[in-house]
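K.L.:
You'll find coords-v7.tsv just under this line, and it carries TSV, C-alpha atoms.
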chain	number	residue	atom	x	y	z
A	1	MET	CA	18.01	-0.24	-2.50
A	2	THR	CA	16.34	1.62	0.36
A	3	ALA	CA	13.67	4.33	0.12
A	4	GLU	CA	16.44	6.87	0.87
A	5	SER	CA	18.56	5.80	-2.13
A	6	PRO	CA	18.74	8.18	-5.08
A	7	PRO	CA	16.24	7.09	-7.72
A	8	PRO	CA	17.67	4.41	-9.99
A	9	VAL	CA	17.77	6.55	-13.11
A	10	SER	CA	20.61	7.11	-15.55
A	11	VAL	CA	20.81	9.17	-18.72
A	12	ALA	CA	22.68	8.47	-21.97
A	13	LEU	CA	23.37	11.08	-24.65
A	14	VAL	CA	23.94	9.28	-27.93
A	15	HIS	CA	26.27	10.72	-30.62
A	16	TYR	CA	26.12	7.64	-32.89
A	17	PRO	CA	23.91	6.41	-34.51
A	18	VAL	CA	21.76	9.54	-34.85
A	19	ARG	CA	19.92	11.17	-37.75
A	20	ASN	CA	20.86	14.28	-39.70
A	21	LYS	CA	18.26	16.69	-41.11
A	22	ARG	CA	17.79	14.44	-44.15
A	23	GLY	CA	17.09	11.40	-41.96
A	24	GLU	CA	20.42	9.73	-42.77
A	25	THR	CA	22.35	7.94	-40.02
A	26	ILE	CA	25.43	9.86	-38.89
A	27	GLY	CA	27.76	10.37	-35.93
A	28	SER	CA	27.68	13.83	-34.31
A	29	ALA	CA	30.41	15.73	-32.46
A	30	VAL	CA	30.22	16.07	-28.68
A	31	THR	CA	29.61	19.67	-27.60
A	32	ASN	CA	31.07	21.11	-24.41
A	33	LEU	CA	27.70	22.56	-23.53
A	34	ASP	CA	25.86	19.23	-23.62
A	35	VAL	CA	28.43	17.85	-21.20
A	36	HIS	CA	27.97	20.67	-18.66
A	37	ASP	CA	24.27	21.54	-18.87
A	38	ILE	CA	23.06	17.95	-18.82
A	39	ALA	CA	25.46	17.02	-16.00
A	40	ARG	CA	24.08	19.89	-13.89
A	41	ALA	CA	20.44	18.96	-14.53
A	42	ALA	CA	21.17	15.26	-13.97
A	43	ARG	CA	22.97	16.00	-10.70
A	44	THR	CA	20.05	18.17	-9.54
A	45	TYR	CA	17.54	15.38	-10.09
A	46	GLY	CA	19.66	12.66	-8.49
A	47	VAL	CA	20.61	10.80	-11.68
A	48	TYR	CA	23.06	7.95	-11.00
A	49	ARG	CA	25.14	8.11	-14.21
A	50	TYR	CA	25.22	10.44	-17.20
A	51	TYR	CA	26.74	8.46	-20.07
A	52	ILE	CA	28.13	10.25	-23.10
A	53	THR	CA	28.27	7.68	-25.89
A	54	THR	CA	30.61	8.10	-28.84
A	55	PRO	CA	32.60	5.49	-30.75
A	56	TYR	CA	35.16	8.13	-31.89
A	57	VAL	CA	38.38	7.94	-29.94
A	58	ASP	CA	39.27	11.63	-30.49
A	59	GLN	CA	35.86	12.66	-29.16
A	60	GLN	CA	36.28	10.41	-26.15
A	61	GLY	CA	39.60	12.16	-25.50
A	62	PHE	CA	38.00	15.61	-25.84
A	63	VAL	CA	35.30	14.81	-23.27
A	64	GLY	CA	37.88	13.20	-21.00
A	65	GLU	CA	39.89	16.46	-21.02
A	66	ILE	CA	36.86	18.59	-20.14
A	67	ILE	CA	35.94	16.29	-17.30
A	68	SER	CA	39.43	16.07	-15.82
A	69	HIS	CA	39.85	19.86	-15.95
A	70	TRP	CA	36.76	20.29	-13.78
A	71	ARG	CA	37.16	17.18	-11.66
A	72	GLU	CA	40.87	17.33	-10.86
A	73	GLY	CA	42.39	20.40	-12.50
A	74	TYR	CA	42.12	24.10	-11.76
A	75	GLY	CA	38.36	23.97	-12.32
A	76	ALA	CA	37.80	21.71	-9.32
A	77	THR	CA	39.03	24.45	-6.97
A	78	TYR	CA	37.54	27.33	-8.94
A	79	ASN	CA	34.08	25.79	-9.17
A	80	PRO	CA	33.38	22.86	-6.81
A	81	ALA	CA	29.72	22.70	-7.92
A	82	ARG	CA	30.87	21.91	-11.45
A	83	LYS	CA	33.16	19.18	-10.12
A	84	GLU	CA	30.23	17.67	-8.25
A	85	ALA	CA	28.07	17.63	-11.40
A	86	LEU	CA	30.76	16.09	-13.59
A	87	GLU	CA	31.45	13.28	-11.12
A	88	ILE	CA	28.47	11.36	-12.52
A	89	VAL	CA	29.66	11.60	-16.17
A	90	ARG	CA	31.06	8.53	-17.91
A	91	VAL	CA	32.30	8.34	-21.50
A	92	VAL	CA	31.45	5.07	-23.26
A	93	ASP	CA	31.80	3.56	-26.74
A	94	GLY	CA	28.11	2.93	-27.09
A	95	LEU	CA	24.87	2.10	-25.36
A	96	GLN	CA	25.79	-1.57	-24.85
A	97	GLN	CA	28.68	-0.56	-22.59
A	98	ALA	CA	26.39	1.69	-20.52
A	99	ILE	CA	23.80	-1.08	-20.18
A	100	ALA	CA	26.49	-3.58	-19.17
A	101	GLU	CA	27.84	-1.25	-16.47
A	102	LEU	CA	24.38	-0.55	-15.08
A	103	THR	CA	23.45	-4.24	-15.14
A	104	ALA	CA	26.55	-4.97	-13.07
A	105	ALA	CA	25.79	-2.12	-10.62
A	106	TYR	CA	22.11	-2.99	-10.10
A	107	GLY	CA	22.21	-6.77	-10.51
A	108	GLU	CA	19.52	-6.48	-13.19
A	109	ARG	CA	19.29	-5.01	-16.67
A	110	PRO	CA	17.89	-1.44	-16.67
A	111	PHE	CA	14.65	-0.70	-18.50
A	112	VAL	CA	15.86	1.25	-21.56
A	113	VAL	CA	13.60	4.16	-22.53
A	114	GLY	CA	14.01	6.13	-25.75
A	115	THR	CA	12.98	9.74	-26.32
A	116	SER	CA	11.92	11.40	-29.55
A	117	ALA	CA	10.39	14.61	-30.87
A	118	GLN	CA	8.11	12.40	-33.00
A	119	ALA	CA	5.47	9.94	-31.79
A	120	GLN	CA	6.78	6.36	-31.77
A	121	ASP	CA	5.42	2.86	-31.28
A	122	ARG	CA	5.63	1.25	-27.83
A	123	THR	CA	5.00	4.49	-25.94
A	124	ILE	CA	5.16	4.53	-22.16
A	125	ALA	CA	3.31	7.32	-20.32
A	126	PHE	CA	5.31	9.54	-17.95
A	127	THR	CA	3.13	8.42	-15.01
A	128	ASP	CA	3.69	4.72	-15.79
A	129	LEU	CA	7.45	5.17	-16.00
A	130	GLU	CA	7.44	7.15	-12.76
A	131	ARG	CA	5.55	4.30	-11.10
A	132	MET	CA	8.14	1.75	-12.32
A	133	MET	CA	10.95	3.91	-10.97
A	134	THR	CA	9.23	4.38	-7.63
A	135	ALA	CA	8.90	0.60	-7.43
A	136	GLY	CA	12.70	0.41	-7.73
A	137	ARG	CA	13.17	-0.68	-11.35
A	138	PRO	CA	16.41	0.85	-12.69
A	139	VAL	CA	15.84	2.96	-15.81
A	140	LEU	CA	18.16	4.26	-18.52
A	141	LEU	CA	16.78	7.24	-20.45
A	142	ILE	CA	18.39	7.72	-23.85
A	143	PHE	CA	18.52	10.95	-25.83
A	144	GLY	CA	19.77	11.59	-29.35
A	145	THR	CA	21.88	14.52	-30.52
A	146	ALA	CA	21.58	16.06	-34.03
A	147	HIS	CA	18.08	15.21	-35.34
A	148	GLY	CA	17.43	12.42	-32.89
A	149	LEU	CA	18.10	8.73	-32.29
A	150	ALA	CA	18.47	6.59	-35.43
A	151	PRO	CA	15.73	3.95	-36.00
A	152	GLU	CA	18.19	1.09	-35.45
A	153	ILE	CA	18.86	2.25	-31.89
A	154	MET	CA	15.22	3.18	-31.22
A	155	ALA	CA	14.32	-0.43	-32.10
A	156	THR	CA	16.51	-1.73	-29.25
A	157	THR	CA	14.68	0.26	-26.54
A	158	ASP	CA	12.11	-1.30	-24.20
A	159	ALA	CA	9.72	1.67	-24.57
A	160	VAL	CA	9.67	5.29	-25.73
A	161	LEU	CA	8.39	8.41	-23.93
A	162	PRO	CA	5.87	10.56	-25.81
A	163	PRO	CA	7.20	13.75	-27.46
A	164	LEU	CA	7.20	16.86	-25.26
A	165	GLN	CA	4.44	19.20	-26.25
A	166	GLY	CA	4.22	22.90	-25.56
A	167	ARG	CA	1.34	25.04	-26.72
A	168	THR	CA	2.47	25.28	-30.33
A	169	THR	CA	3.47	23.04	-33.21
A	170	TYR	CA	7.07	24.29	-32.94
A	171	ASN	CA	9.09	21.18	-32.25
A	172	HIS	CA	12.77	22.13	-31.97
A	173	LEU	CA	13.75	22.00	-28.31
A	174	PRO	CA	17.48	21.69	-27.67
A	175	VAL	CA	18.29	18.21	-26.33
A	176	ARG	CA	19.67	19.95	-23.19
A	177	SER	CA	16.22	21.43	-22.51
A	178	ALA	CA	14.44	18.16	-23.27
A	179	VAL	CA	16.61	16.30	-20.74
A	180	ALA	CA	15.91	18.93	-18.05
A	181	ILE	CA	12.15	18.88	-18.67
A	182	ILE	CA	11.89	15.07	-18.74
A	183	LEU	CA	13.89	14.73	-15.50
A	184	ASP	CA	11.61	17.31	-13.86
A	185	ARG	CA	8.48	15.49	-15.04
A	186	LEU	CA	9.73	12.17	-13.67
A	187	LEU	CA	11.60	13.33	-10.57
A	188	GLY	CA	10.67	16.95	-9.78
A	189	ARG	CA	9.02	17.80	-6.47
B	190	MET	CA	-7.96	37.54	-26.11
B	191	THR	CA	-9.77	34.38	-27.21
B	192	ALA	CA	-9.31	30.86	-25.90
B	193	GLU	CA	-7.30	30.11	-29.05
B	194	SER	CA	-4.74	32.87	-28.39
B	195	PRO	CA	-1.27	31.85	-27.32
B	196	PRO	CA	-0.98	32.10	-23.56
B	197	PRO	CA	-0.13	35.63	-22.41
B	198	VAL	CA	3.30	34.80	-21.08
B	199	SER	CA	6.61	36.52	-21.73
B	200	VAL	CA	10.09	35.83	-20.42
B	201	ALA	CA	12.89	38.25	-19.53
B	202	LEU	CA	16.52	37.24	-19.02
B	203	VAL	CA	18.21	39.87	-16.87
B	204	HIS	CA	21.94	40.70	-17.22
B	205	TYR	CA	21.87	43.69	-14.85
B	206	PRO	CA	21.39	43.93	-11.90
B	207	VAL	CA	22.39	40.36	-10.96
B	208	ARG	CA	24.57	38.86	-8.22
B	209	ASN	CA	28.03	37.38	-8.49
B	210	LYS	CA	29.20	34.44	-6.37
B	211	ARG	CA	30.02	36.82	-3.48
B	212	GLY	CA	26.51	38.30	-3.55
B	213	GLU	CA	27.65	41.64	-5.02
B	214	THR	CA	25.55	43.35	-7.69
B	215	ILE	CA	27.10	43.14	-11.15
B	216	GLY	CA	26.24	43.19	-14.84
B	217	SER	CA	26.88	39.94	-16.74
B	218	ALA	CA	27.75	39.35	-20.40
B	219	VAL	CA	25.11	37.96	-22.76
B	220	THR	CA	25.97	34.45	-23.96
B	221	ASN	CA	25.08	33.21	-27.41
B	222	LEU	CA	23.73	30.02	-25.92
B	223	ASP	CA	21.22	31.74	-23.65
B	224	VAL	CA	19.86	33.56	-26.69
B	225	HIS	CA	19.32	30.37	-28.70
B	226	ASP	CA	18.33	27.76	-26.12
B	227	ILE	CA	15.84	29.99	-24.33
B	228	ALA	CA	14.35	31.27	-27.61
B	229	ARG	CA	13.75	27.67	-28.72
B	230	ALA	CA	12.12	26.64	-25.42
B	231	ALA	CA	10.06	29.86	-25.31
B	232	ARG	CA	8.88	29.34	-28.89
B	233	THR	CA	7.91	25.73	-28.10
B	234	TYR	CA	5.71	26.78	-25.19
B	235	GLY	CA	4.02	29.68	-27.00
B	236	VAL	CA	5.78	32.53	-25.18
B	237	TYR	CA	4.85	35.94	-26.61
B	238	ARG	CA	8.17	37.76	-26.14
B	239	TYR	CA	11.61	36.74	-24.94
B	240	TYR	CA	13.31	39.90	-23.66
B	241	ILE	CA	17.06	40.02	-23.22
B	242	THR	CA	17.76	42.91	-20.88
B	243	THR	CA	21.16	44.61	-20.81
B	244	PRO	CA	22.03	48.29	-20.35
B	245	TYR	CA	25.38	47.84	-22.17
B	246	VAL	CA	25.28	49.17	-25.71
B	247	ASP	CA	28.04	46.83	-26.96
B	248	GLN	CA	26.12	43.84	-25.62
B	249	GLN	CA	22.92	45.05	-27.24
B	250	GLY	CA	24.85	45.23	-30.52
B	251	PHE	CA	26.22	41.71	-30.06
B	252	VAL	CA	22.77	40.23	-29.52
B	253	GLY	CA	21.40	42.27	-32.42
B	254	GLU	CA	24.02	40.72	-34.72
B	255	ILE	CA	23.19	37.17	-33.65
B	256	ILE	CA	19.51	37.77	-34.18
B	257	SER	CA	19.83	39.39	-37.58
B	258	HIS	CA	22.15	36.61	-38.81
B	259	TRP	CA	19.45	34.04	-38.07
B	260	ARG	CA	16.44	36.17	-38.88
B	261	GLU	CA	17.56	37.80	-42.12
B	262	GLY	CA	21.06	36.60	-43.00
B	263	TYR	CA	22.36	33.27	-44.26
B	264	GLY	CA	21.07	31.55	-41.14
B	265	ALA	CA	17.43	32.24	-42.04
B	266	THR	CA	17.73	30.06	-45.15
B	267	TYR	CA	20.05	27.50	-43.59
B	268	ASN	CA	17.87	26.94	-40.51
B	269	PRO	CA	14.29	28.30	-40.73
B	270	ALA	CA	13.41	26.80	-37.33
B	271	ARG	CA	16.05	28.99	-35.72
B	272	LYS	CA	14.63	32.04	-37.49
B	273	GLU	CA	11.18	31.19	-36.14
B	274	ALA	CA	12.49	30.91	-32.59
B	275	LEU	CA	14.44	34.18	-32.73
B	276	GLU	CA	11.45	36.13	-34.03
B	277	ILE	CA	10.13	36.46	-30.48
B	278	VAL	CA	13.42	37.88	-29.10
B	279	ARG	CA	13.66	41.59	-28.18
B	280	VAL	CA	16.71	43.35	-26.75
B	281	VAL	CA	15.86	46.00	-24.15
B	282	ASP	CA	17.75	48.33	-21.79
B	283	GLY	CA	16.04	46.98	-18.72
B	284	LEU	CA	12.92	45.45	-17.26
B	285	GLN	CA	11.00	48.74	-17.28
B	286	GLN	CA	11.18	48.85	-21.07
B	287	ALA	CA	9.87	45.28	-21.32
B	288	ILE	CA	7.02	46.02	-18.92
B	289	ALA	CA	6.13	49.20	-20.85
B	290	GLU	CA	6.02	47.31	-24.16
B	291	LEU	CA	3.85	44.54	-22.72
B	292	THR	CA	1.53	47.03	-21.03
B	293	ALA	CA	1.01	48.71	-24.40
B	294	ALA	CA	0.42	45.36	-26.15
B	295	TYR	CA	-2.05	43.98	-23.60
B	296	GLY	CA	-3.71	47.17	-22.40
B	297	GLU	CA	-2.81	46.22	-18.82
B	298	ARG	CA	0.40	45.85	-16.83
B	299	PRO	CA	1.68	42.25	-16.77
B	300	PHE	CA	1.98	40.41	-13.46
B	301	VAL	CA	5.76	40.32	-12.91
B	302	VAL	CA	7.03	37.05	-11.44
B	303	GLY	CA	10.58	36.54	-10.21
B	304	THR	CA	12.47	33.23	-10.07
B	305	SER	CA	15.23	32.21	-7.70
B	306	ALA	CA	17.22	29.19	-6.61
B	307	GLN	CA	16.60	30.32	-3.01
B	308	ALA	CA	13.25	30.55	-1.20
B	309	GLN	CA	11.91	34.15	-1.22
B	310	ASP	CA	9.09	36.09	0.39
B	311	ARG	CA	5.84	36.56	-1.51
B	312	THR	CA	5.91	33.11	-3.12
B	313	ILE	CA	3.25	32.15	-5.66
B	314	ALA	CA	2.60	28.43	-6.23
B	315	PHE	CA	2.94	27.07	-9.78
B	316	THR	CA	-0.72	26.03	-9.76
B	317	ASP	CA	-1.89	29.51	-8.69
B	318	LEU	CA	0.15	31.20	-11.40
B	319	GLU	CA	-1.15	28.72	-13.96
B	320	ARG	CA	-4.71	29.58	-12.89
B	321	MET	CA	-4.05	33.32	-13.32
B	322	MET	CA	-2.64	32.72	-16.80
B	323	THR	CA	-5.57	30.52	-17.79
B	324	ALA	CA	-7.87	33.34	-16.67
B	325	GLY	CA	-6.09	35.59	-19.19
B	326	ARG	CA	-3.83	37.68	-16.93
B	327	PRO	CA	-0.62	38.53	-18.84
B	328	VAL	CA	2.50	37.38	-17.01
B	329	LEU	CA	6.17	38.31	-17.32
B	330	LEU	CA	8.56	35.69	-15.88
B	331	ILE	CA	11.98	37.07	-15.03
B	332	PHE	CA	15.19	35.09	-14.72
B	333	GLY	CA	18.63	36.20	-13.56
B	334	THR	CA	21.96	35.27	-15.13
B	335	ALA	CA	25.19	34.82	-13.08
B	336	HIS	CA	24.16	33.98	-9.47
B	337	GLY	CA	20.61	35.23	-9.84
B	338	LEU	CA	18.50	38.39	-9.71
B	339	ALA	CA	19.79	41.15	-7.42
B	340	PRO	CA	17.61	41.96	-4.36
B	341	GLU	CA	16.76	45.43	-5.75
B	342	ILE	CA	15.09	43.87	-8.81
B	343	MET	CA	13.51	41.02	-6.82
B	344	ALA	CA	11.82	43.67	-4.66
B	345	THR	CA	10.03	45.12	-7.71
B	346	THR	CA	8.31	41.82	-8.63
B	347	ASP	CA	4.66	41.07	-7.84
B	348	ALA	CA	5.48	37.54	-6.68
B	349	VAL	CA	8.23	34.90	-6.87
B	350	LEU	CA	8.01	31.23	-7.91
B	351	PRO	CA	9.42	28.67	-5.46
B	352	PRO	CA	12.89	27.25	-6.23
B	353	LEU	CA	12.95	24.17	-8.46
B	354	GLN	CA	13.71	21.07	-6.46
B	355	GLY	CA	15.09	17.82	-7.72
B	356	ARG	CA	15.78	14.86	-5.46
B	357	THR	CA	19.03	16.24	-4.08
B	358	THR	CA	20.38	19.34	-2.35
B	359	TYR	CA	22.42	20.18	-5.46
B	360	ASN	CA	21.15	23.57	-6.55
B	361	HIS	CA	23.08	24.68	-9.63
B	362	LEU	CA	20.79	24.32	-12.63
B	363	PRO	CA	21.79	26.40	-15.68
B	364	VAL	CA	19.33	29.27	-16.19
B	365	ARG	CA	18.57	27.77	-19.62
B	366	SER	CA	17.37	24.55	-17.97
B	367	ALA	CA	15.40	26.44	-15.31
B	368	VAL	CA	13.51	28.40	-18.00
B	369	ALA	CA	12.66	25.20	-19.89
B	370	ILE	CA	11.43	23.41	-16.76
B	371	ILE	CA	9.34	26.34	-15.52
B	372	LEU	CA	7.69	26.80	-18.92
B	373	ASP	CA	6.89	23.09	-19.01
B	374	ARG	CA	5.40	23.20	-15.51
B	375	LEU	CA	3.19	26.17	-16.41
B	376	LEU	CA	2.37	25.41	-20.04
B	377	GLY	CA	3.32	21.80	-20.83
B	378	ARG	CA	0.65	19.36	-21.89
Could the structure of this file be written out as structure tokens, please?
P.N.:
Amino acid sequence: MTAESPPPVSVALVHYPVRNKRGETIGSAVTNLDVHDIARAARTYGVYRYYITTPYVDQQGFVGEIISHWREGYGATYNPARKEALEIVRVVDGLQQAIAELTAAYGERPFVVGTSAQAQDRTIAFTDLERMMTAGRPVLLIFGTAHGLAPEIMATTDAVLPPLQGRTTYNHLPVRSAVAIILDRLLGR
Amino acid sequence: MTAESPPPVSVALVHYPVRNKRGETIGSAVTNLDVHDIARAARTYGVYRYYITTPYVDQQGFVGEIISHWREGYGATYNPARKEALEIVRVVDGLQQAIAELTAAYGERPFVVGTSAQAQDRTIAFTDLERMMTAGRPVLLIFGTAHGLAPEIMATTDAVLPPLQGRTTYNHLPVRSAVAIILDRLLGR
């Protein structure tokens, strides 16, 4: 990779396994909005791939239809900026498939970084992660839908970013907003 | 105001006058998502008021119904965090009403700051605005829906923040993401 290359960062939005409000492990439904808003923020900050992970075949089909409408259908002509954003989206069964694809693309396994609204073990500071990225290490940032990533998937990450903190104890940012803020902290100019 | 007070920042989301993709001045429809996502980000960062400005009476009614569902209806019990976020939302005819309310609340007119995806005259740097806020000056940040604030409203602002820049020339962030990122830059810890 050269200094001119886009930064080696990808994003995954996990729909299984995640937690519900009672802390149980569930699978969530993909929402249209998470596809679009996160693709637009990811495209803005030069993200390489935005993976939407779901093991449910009907959900994979639903996302595939949204994407092809905007990439190849009427939407591509109506709104070329949307087409450009959705070009980086990939639908995968699970995180292992995303990691395998990135490992093949980069020739090394990406550093997998979890995110959470609660403090976790094995925290990596934003500045340290930024330094790794600047040094050329490929990174995969993973985000959970519903009430966040399930512990079994959190345990497979290499490190976890600290929770975003505003000026209050209110702690219910939409995942779409959290992705935008974290990309800006790591990649904003 | 004491050092413990929430920062004196409010947000307004403007639905008229804004620009369409051809640069003409239009009024846009309020979307449910902008109400919720921006309320949650604003609540996280300690924003005092989130004004939704629209001169259209039917749109004011629509937003009023969303808010009362979550503040007083079934939604308030089902999701108290949503109720808490929507408590800061106010629906107003236009920016003048928001400025009048804030002037009454603070005893001084807020410093009105525009935002844009394009570079504007009278730019204020993020760090300078942050310094003004820390010194206790109340600030109203205004955001445009559709293709951004119309020139006639931009001309009434006291200053304008620079466009957000990622690592690419892609410049189509959702307004919801732009609000979240700007609040994090000014108020994030």
K.L.:
Can you work out which one of A:Thr156, A:Thr25, A:Thr53, A:Thr134 has the shortest atom-to-atom distance to Leu13 (chain A), counting all atoms listed in the file?
P.N.:
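With all atoms listed in the file as the atom set, the closest residue is A:Thr53.
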K.L.:
What does the distance from CA of Ser28 (chain A) to CA of Ser257 (chain B) come to in Å, to one decimal?
P.N.:
26.9 Å
K.L.:
At a cut-off of 9 Å, list the chain B residues touching chain A, using only C-alpha atoms, as a ChimeraX atom specification.
P.N.:
/B:195-196,222,225-227,229-230,232-236,270-271,273-274,353-363,365-374,376-378
K.L.:
Quick one: residues within 10 Å of Pro340 (chain B), all atoms listed in the file, excluding same-chain residues fewer than 4 positions away - as a PDB file with C-alpha atoms, keeping the file's coordinate frame?
P.N.:
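So out-v9.pdb came out as:
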ATOM      1  CA  PRO B 206      21.390  43.930 -11.900  1.00  0.00           C
ATOM      2  CA  VAL B 207      22.390  40.360 -10.960  1.00  0.00           C
ATOM      3  CA  ARG B 208      24.570  38.860  -8.220  1.00  0.00           C
ATOM      4  CA  GLY B 212      26.510  38.300  -3.550  1.00  0.00           C
ATOM      5  CA  THR B 214      25.550  43.350  -7.690  1.00  0.00           C
ATOM      6  CA  ALA B 344      11.820  43.670  -4.660  1.00  0.00           C
ATOM      7  CA  THR B 345      10.030  45.120  -7.710  1.00  0.00           C
TER       8      THR B 345
END
K.L.:
Tell me which residues come within 10 Å of (32.4, 19.0, -24.0), as a PyMOL selection string, counting only C-alpha atoms in the file's coordinates.
P.N.:
chain A and resi 29-37+52+59-60+62-67
K.L.:
Taking into account all atoms listed in the file, which residue in the set B:Met343, B:Ile313, B:Val198, B:Val280 is nearest to Tyr245 (chain B)?
P.N.:
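The shortest atom-to-atom distance to Tyr245 (chain B) comes from B:Val280.
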K.L.:
Quick one: residues within 6 Å of Gly144 (chain A), all atoms listed in the file, excluding same-chain residues fewer than 3 positions away - as a list in words?
P.N.:
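Once the nearby chain positions are removed, what remains is Leu13, Val14, Gly148 and Leu149 of chain A.
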K.L.:
Kindly give the distance, in Å, that separates CA of Arg49 (chain A) and CA of Val11 (chain A), rounded to a single decimal.
P.N.:
6.3 Å
K.L.:
Limit the output to N, CA and C atoms and give region 20-39 of chain A as a short mmCIF file (atom, residue, chain, number, x, y, z; two decimals), in the first residue's frame.
P.N.:
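The resulting file, result.cif, is reproduced below:
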data_model
loop_
_atom_site.label_atom_id
_atom_site.label_comp_id
_atom_site.auth_asym_id
_atom_site.auth_seq_id
_atom_site.Cartn_x
_atom_site.Cartn_y
_atom_site.Cartn_z
N ASN A 20 -30.34 -8.63 23.20
CA ASN A 20 -31.58 -7.85 23.32
C ASN A 20 -31.55 -7.08 24.63
N LYS A 21 -32.63 -6.37 24.96
CA LYS A 21 -32.61 -5.51 26.15
C LYS A 21 -32.46 -6.29 27.45
N ARG A 22 -32.76 -7.59 27.41
CA ARG A 22 -32.57 -8.43 28.60
C ARG A 22 -31.21 -9.11 28.64
N GLY A 23 -30.35 -8.79 27.65
CA GLY A 23 -29.01 -9.36 27.65
C GLY A 23 -28.93 -10.75 27.02
N GLU A 24 -30.06 -11.23 26.46
CA GLU A 24 -30.07 -12.53 25.80
C GLU A 24 -29.50 -12.40 24.38
N THR A 25 -28.91 -13.48 23.89
CA THR A 25 -28.36 -13.46 22.53
C THR A 25 -29.47 -13.71 21.51
N ILE A 26 -29.54 -12.81 20.54
CA ILE A 26 -30.57 -12.89 19.50
C ILE A 26 -29.96 -12.57 18.13
N GLY A 27 -30.78 -12.72 17.09
CA GLY A 27 -30.46 -12.19 15.76
C GLY A 27 -31.43 -11.05 15.48
N SER A 28 -30.92 -9.93 14.95
CA SER A 28 -31.80 -8.78 14.66
C SER A 28 -32.06 -8.69 13.16
N ALA A 29 -33.09 -7.93 12.80
CA ALA A 29 -33.42 -7.72 11.39
C ALA A 29 -32.58 -6.58 10.84
N VAL A 30 -32.19 -6.69 9.58
CA VAL A 30 -31.45 -5.60 8.92
C VAL A 30 -32.43 -4.46 8.63
N THR A 31 -32.04 -3.22 8.94
CA THR A 31 -32.91 -2.10 8.58
C THR A 31 -32.29 -1.35 7.39
N ASN A 32 -33.19 -0.92 6.52
CA ASN A 32 -32.84 -0.18 5.31
C ASN A 32 -31.92 1.00 5.65
N LEU A 33 -32.28 1.69 6.73
CA LEU A 33 -31.57 2.87 7.14
C LEU A 33 -30.12 2.61 7.52
N ASP A 34 -29.87 1.50 8.21
CA ASP A 34 -28.49 1.16 8.58
C ASP A 34 -27.66 0.90 7.33
N VAL A 35 -28.28 0.32 6.31
CA VAL A 35 -27.57 0.08 5.06
C VAL A 35 -27.12 1.42 4.47
N HIS A 36 -28.07 2.36 4.30
CA HIS A 36 -27.77 3.62 3.62
C HIS A 36 -26.89 4.56 4.43
N ASP A 37 -27.29 4.85 5.67
CA ASP A 37 -26.56 5.86 6.44
C ASP A 37 -25.12 5.44 6.69
N ILE A 38 -24.93 4.18 7.03
CA ILE A 38 -23.56 3.73 7.33
C ILE A 38 -22.73 3.66 6.04
N ALA A 39 -23.36 3.27 4.92
CA ALA A 39 -22.62 3.26 3.65
C ALA A 39 -22.15 4.67 3.31
#
